[in-house]
Amino acid sequence: MAVRKAVERQTGVALWRQIADRIRLAISNGDYDATGMVPPETALAQEFGVNRHTVRSALAALADEGLVRAVQGRGTLIERKERVTYPISRRTRFSQGLGRQVKEIGTRLLAHAQVSASGEIAAALGLAPGTLLVELNTVSSGDGRPLSMSVSYFPTDRFPRMAEEYARLGSVTKAFAAQGLSDYVRASTEIVARHAEAEELALLQLSPGAIVLDTRSVNADLDGRPVEYARTRFAADRMKLRIET
């Protein structure tokens, strides 16, 4: 078993959550592949320097996420759910990126609105603050499992029918094409990992303590003019991002 230092008690993060994060990472790294089981509660309690009740809370949270399952008389079994690999490259497309890893890809438009560009979004799109944008809030899934949620912004003067076309076609790429943009490329992507917030827990069907990969990206046309700013949250236990150059 890999040796991990005791949890930090002065961070403001609950001990059970820290332990759940470390067990989740160990499962992802394949540390327990030899047995297919999470180590016994007593071993985990000793490893992390906590009592068994704290370990139970961590395992219960992971069970709620579907990562592990308690089996009477055996211990805690790892539920082997392979993560989907999502490539981020010059031409990043959700459906093409998932390819044959899932049988059914779903997208859902939660809400849309016309908003004024804030400073951060305006700068990313190369527009003046206050410029009108189309905002789309969406959730994407694979084989019925929510994989990501996004809020995306498009210049209204160039893509006035973005909401209607997305609702009709279920694809940003197709909605662009319907409005005269046949091709676009990824200009930039920033990625951070953090604990999911309440809305993310609900929409991605995660349990408290789950991790999301929070990305902020800009897509541009072939002349380099930004056409989309998006913030996408991926469920980290279901997806891994692969940067391709």
# chains A, B, ... in the order shown; residues from 1 in each chain; ligands from 1

$ residues_around --residues "Ala61 (chain A)" --least-positions-apart "3" --cutoff "7 Å" --atoms "only C-alpha atoms" --output "count of residues only"
6

$ closest_atom_pairs --of "region 9-122 of chain A" --to "region 211-224 of chain A" --cutoff "10 Å" --atoms "only C-alpha atoms" --output "Markdown table"
| residue | atom | partner | partner_atom | distance |
| --- | --- | --- | --- | --- |
| A:Asp21 | CA | A:Ile211 | CA | 8.0 |
| A:Arg24 | CA | A:Ile211 | CA | 9.5 |
| A:Arg90 | CA | A:Asn219 | CA | 9.3 |
| A:Arg91 | CA | A:Asn219 | CA | 9.0 |
| A:Thr92 | CA | A:Asn219 | CA | 9.0 |
| A:Ile121 | CA | A:Val218 | CA | 9.7 |

$ write_last_selection --atoms "C-alpha atoms" --output "mmCIF file, in the first residue's frame"
data_model
loop_
_atom_site.group_PDB
_atom_site.id
_atom_site.type_symbol
_atom_site.label_atom_id
_atom_site.label_comp_id
_atom_site.auth_asym_id
_atom_site.auth_seq_id
_atom_site.Cartn_x
_atom_site.Cartn_y
_atom_site.Cartn_z
ATOM 1 C CA ASP A 21 -10.284 12.580 -1.720
ATOM 2 C CA ARG A 24 -10.563 8.420 -4.620
ATOM 3 C CA ARG A 90 -6.893 22.497 -31.706
ATOM 4 C CA ARG A 91 -10.351 21.303 -32.709
ATOM 5 C CA THR A 92 -12.151 20.288 -29.522
ATOM 6 C CA ILE A 121 -15.747 37.587 -20.438
#

$ closest_residue --among "A:Thr138, A:Thr173, A:Ser188, A:Ser89" --to "Leu110 (chain A)" --atoms "only C-alpha atoms"
A:Thr138

$ atom_distance --atom1 "CA of His112 (chain A)" --atom2 "CA of Leu241 (chain A)"
26.7 Å

$ select_by_dssp --residues "region 1-240 of chain A" --states "helix (DSSP H, G or I)" --output "NGL selection string"
:A and (15-29 or 41-48 or 52-65 or 94-101 or 119-125 or 162-169 or 172-178 or 198-203)

$ closest_residue --among "A:Leu147, A:Leu169, A:Ala117, A:Ala175" --to "Arg233 (chain A)" --atoms "only C-alpha atoms"
A:Leu147

$ closest_atom_pairs --of "region 125-236 of chain A" --to "region 102-106 of chain A" --cutoff "6 Å" --atoms "only C-alpha atoms" --output "CSV"
residue,atom,partner,partner_atom,distance
A:Ser140,CA,A:Gly106,CA,5.6
A:Ser141,CA,A:Gly106,CA,4.9
A:Gly142,CA,A:Ile105,CA,4.7
A:Asp143,CA,A:Glu104,CA,4.9

$ write_last_selection --atoms "C-alpha atoms" --output "short mmCIF file (atom, residue, chain, number, x, y, z; two decimals), in the first residue's frame"
data_model
loop_
_atom_site.label_atom_id
_atom_site.label_comp_id
_atom_site.auth_asym_id
_atom_site.auth_seq_id
_atom_site.Cartn_x
_atom_site.Cartn_y
_atom_site.Cartn_z
CA SER A 140 -23.89 16.88 -21.33
CA SER A 141 -24.06 13.16 -20.57
CA GLY A 142 -22.77 9.81 -21.75
CA ASP A 143 -24.88 6.66 -21.50
#

$ closest_residue --among "A:Ala178, A:Ala163, A:Ser148, A:Asp183" --to "Leu204 (chain A)" --atoms "only C-alpha atoms"
A:Ser148

$ atom_distance --atom1 "CA of Phe176 (chain A)" --atom2 "CA of Val139 (chain A)"
18.3 Å

$ residues_around --residues "Val50 (chain A)" --least-positions-apart "5" --cutoff "9 Å" --atoms "only C-alpha atoms" --output "number ranges by chain"
A: 6-7, 15, 44-45, 55

$ atom_distance --atom1 "CA of Gly130 (chain A)" --atom2 "CA of Ala167 (chain A)"
25.3 Å

$ closest_residue --among "A:Gly49, A:Glu244, A:Gly144, A:Thr54" --to "Ala14 (chain A)" --atoms "only C-alpha atoms"
A:Thr54

$ closest_atom_pairs --of "region 192-229 of chain A" --to "region 122-129 of chain A" --cutoff "8 Å" --atoms "only C-alpha atoms" --output "tab-separated table"
residue	atom	partner	partner_atom	distance
A:Val218	CA	A:Ala124	CA	6.9
A:Arg225	CA	A:Leu125	CA	7.9
A:Pro226	CA	A:Leu125	CA	5.1
A:Val227	CA	A:Leu125	CA	6.8
A:Glu228	CA	A:Leu125	CA	7.0
A:Tyr229	CA	A:Leu125	CA	6.6

$ write_last_selection --atoms "N, CA, C and O atoms" --output "PDB file, in the first residue's frame"
ATOM      1  N   VAL A 218     -11.598  29.424 -24.617  1.00  0.00           N
ATOM      2  CA  VAL A 218     -11.976  30.362 -25.672  1.00  0.00           C
ATOM      3  C   VAL A 218     -11.826  29.654 -27.006  1.00  0.00           C
ATOM      4  O   VAL A 218     -10.779  29.052 -27.284  1.00  0.00           O
ATOM      5  N   ARG A 225     -10.518  35.388 -34.511  1.00  0.00           N
ATOM      6  CA  ARG A 225     -11.516  36.205 -33.814  1.00  0.00           C
ATOM      7  C   ARG A 225     -12.315  35.331 -32.847  1.00  0.00           C
ATOM      8  O   ARG A 225     -12.935  34.349 -33.263  1.00  0.00           O
ATOM      9  N   PRO A 226     -12.303  35.634 -31.546  1.00  0.00           N
ATOM     10  CA  PRO A 226     -13.024  34.787 -30.583  1.00  0.00           C
ATOM     11  C   PRO A 226     -14.511  34.715 -30.896  1.00  0.00           C
ATOM     12  O   PRO A 226     -15.147  35.728 -31.227  1.00  0.00           O
ATOM     13  N   VAL A 227     -15.058  33.501 -30.766  1.00  0.00           N
ATOM     14  CA  VAL A 227     -16.487  33.298 -31.035  1.00  0.00           C
ATOM     15  C   VAL A 227     -17.229  32.705 -29.836  1.00  0.00           C
ATOM     16  O   VAL A 227     -18.463  32.727 -29.806  1.00  0.00           O
ATOM     17  N   GLU A 228     -16.484  32.171 -28.860  1.00  0.00           N
ATOM     18  CA  GLU A 228     -17.138  31.548 -27.700  1.00  0.00           C
ATOM     19  C   GLU A 228     -16.207  31.591 -26.492  1.00  0.00           C
ATOM     20  O   GLU A 228     -15.019  31.299 -26.599  1.00  0.00           O
ATOM     21  N   TYR A 229     -16.786  31.960 -25.350  1.00  0.00           N
ATOM     22  CA  TYR A 229     -16.116  31.807 -24.056  1.00  0.00           C
ATOM     23  C   TYR A 229     -16.965  30.845 -23.249  1.00  0.00           C
ATOM     24  O   TYR A 229     -18.180  31.023 -23.144  1.00  0.00           O
TER      25      TYR A 229
END

$ closest_residue --among "A:Gln18, A:Thr107, A:Ser182, A:Ser28" --to "Asp237 (chain A)" --atoms "only C-alpha atoms"
A:Ser28

$ closest_residue --among "A:Leu181, A:Met239, A:Ala210, A:Val71" --to "Met162 (chain A)" --atoms "only C-alpha atoms"
A:Leu181

$ select_by_dssp --residues "chain A" --states "strand (DSSP E)" --output "ChimeraX atom specification"
/A:37-38,68-71,75-78,84-88,105-116,132-142,145-155,185-195,211-220,226-235,239-243
